[in-house]
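**Q** Please read through the structure below; I'll follow up with questions.
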Amino acid sequence: MKQAAMYGHTYSLMGADQETTMPPDAGPGRDEIATFMFGKTHEAFTCPEIQDVLSQLANAGDLSPDETHLVRRISQGHRRAKALPADLANAWAQTTSSAWRQWTEAKAKSDFQIFLPALRQVLSLAKQKASALDSSIHPYNALSAGFEPGMPVEEIRRILSALREPLSKLVRKISRATPPSGICLKGFFLLEQQERLSQVVLRRMGFNFKSGRLIVVPGHPQTITVGPCDIRATTRLAVDDFRRGFFGSMHEGGHSIYCQGADQVFDWLFLDPDGIPISMGIHESQSRMYENLIGRSLNFWTFFFPFLQTAMPQFEEVGLEDFWKAINISRPSLIRVEADEVTYCLHILIRFELETAMLSGELDPKDLPEAWNAKMKEYLGVTPKTDAEGCLQDVHWSKGYFGYFPSYALGNIMAAQIWLRMQEDEVPSADLRSGQLSTIKAWLKSHVHKWGMAYTAPELIKGLTGGSLDPEPYIAYLKEKYAQVYNF
Ligand code: ZN
């Protein structure tokens, strides 16, 4: 398992490198190396010795309930990997590696036709993969189980559908209200100042810089595990908008702190040759909690605003409350990663409906741009002018990540549930106002982080709240917050 983890971490490091520093002509050579590393990961993880040990452990009878859970989780991952024939695993690595390049070029030129053949190939492989994993279930279930085990497509649909009406209603209500002025956010923000500010906030959050780095990159921000005590978070800065870098850093900081907080026993454990830490929803609950419930709260800025004013003097004359309202302005927009808290999940709903339609064959990939634009119009009332700001904006499908998007919405929902639970222990509000983010981190470590990959999202939420995943607290949180921001 340690070997699998070593190959797997190297494979993820290559993925991060591809998106940051790799020169353009290195692509085809990189495809070969990545395919080789993926094959090695798969081979190491599926070796018969692991299966023997897992069966011995399953029958050992002297494991604690937590250990039993963990063994079960690893066994599930092992079974999934074994169900994937080696040639299909290799084709998967090869195709997704080159599809990423087609997607990059298509996005840069805003030309969907460049990406279409690669999308067809990845989709076809995704269907083969789903069928190899478990032909008796909906292909979406087979694929999404790699990101969100324990959440069948029907359950995801139920939860996402429950968001649709309340969120659309809130969007309409906001559109009729007078928006706060966002003028204070306009300006020119030195990149060095922004980078320093990101470091300051991450330090406050409890990010351990001895076992992690925050790196500024031109591409999409992400967090990867390179090995034990080695977490690399990336952030992207914009000179004309400090929010992108700041909240992006808090988001990736949330992912990183989660990884750093897992018990040591997880250091060399491995669950999926795709390198996806289970579950993405739990991961997103942590990143989005730091980015939104903390980072976009008035309590947090009550403490942190003076730091911002020192780092960026253009905020010296701005009032705290005006600033807080400005960073929470909600407006339907085209780009998911820049969407505000109210509209964000509607972006996810669109992607969920499109990817399930592509997998079931109801939507031919060639019709994706049109279908995308129609759904944007229907759900958000905006229409992309180009495919780059439309169906080409996200990297996921080029990497074969069908079934991944719902985890973002589930993360929002879980974040609100975990936050509520934390309030029962009287943790967040006062600590936030006084800048005591360490209390929050300590609570999260003992209730969420330390369990690492041992529990699925439904299991974790059940353990914390006694109930199931429930969108209600998230909806209630948004309604209450936006009533304040927009003076309803
Ligand atoms: Zn994230």
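Letters A, B, ... go to the chains of the structure tokens in the order shown; residues in each chain start at 1; ligands are counted from 1 in the same order.
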Which of segment 170-376 of chain A counts as helix (DSSP H, G or I) under DSSP, as a PyMOL selection string please?
**A** chain A and resi 170-176+183-185+191-205+242-261+264-266+280-294+298-311+313-315+320-326+336-338+341-360+365-376
**Q** Wanna dump the chain A-ligand 1 contacts at 7 Å for me, each residue with its shortest atom pair and the distance in Å to one decimal, counting only C-alpha atoms and all ligand atoms, ordered by chain and number, as a tab-separated table?
**A**
residue	atom	partner	partner_atom_place_in_ligand_line	distance
A:Gln222	CA	ligand 1	1 (Zn)	6.8
A:His251	CA	ligand 1	1 (Zn)	6.3
A:Glu252	CA	ligand 1	1 (Zn)	6.3
A:His255	CA	ligand 1	1 (Zn)	6.7
A:Glu284	CA	ligand 1	1 (Zn)	5.2
A:Ser287	CA	ligand 1	1 (Zn)	5.8
**Q** Give the answer as one residue: which of A:Lys82, A:Arg164, A:His42, A:Arg72 has the shortest atom-to-atom distance to Met453 of chain A, using only C-alpha atoms?
**A**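 The answer is A:Arg72, which sits nearest to Met453 of chain A.
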**Q** Taking the DSSP assignment computed from this structure's backbone, write out as a list in words all residues of segment 163-390 of chain A that belong to strand (DSSP E or B).
**A** Gly212, Arg213, Leu214, Ile215, Val216, Thr223, Ile224, Thr225, Val226, Gly227, Asp230, Ile231, Arg232, Ala233, Thr234, Thr235, Ala238 and Asp241 of chain A
**Q** Just want the 8 Å neighbourhood of Glu321 of chain A, counted on only C-alpha atoms, with same-chain residues fewer than 3 positions away dropped. Output as a VMD selection string.
**A** chain A and resid 298 324 to 325
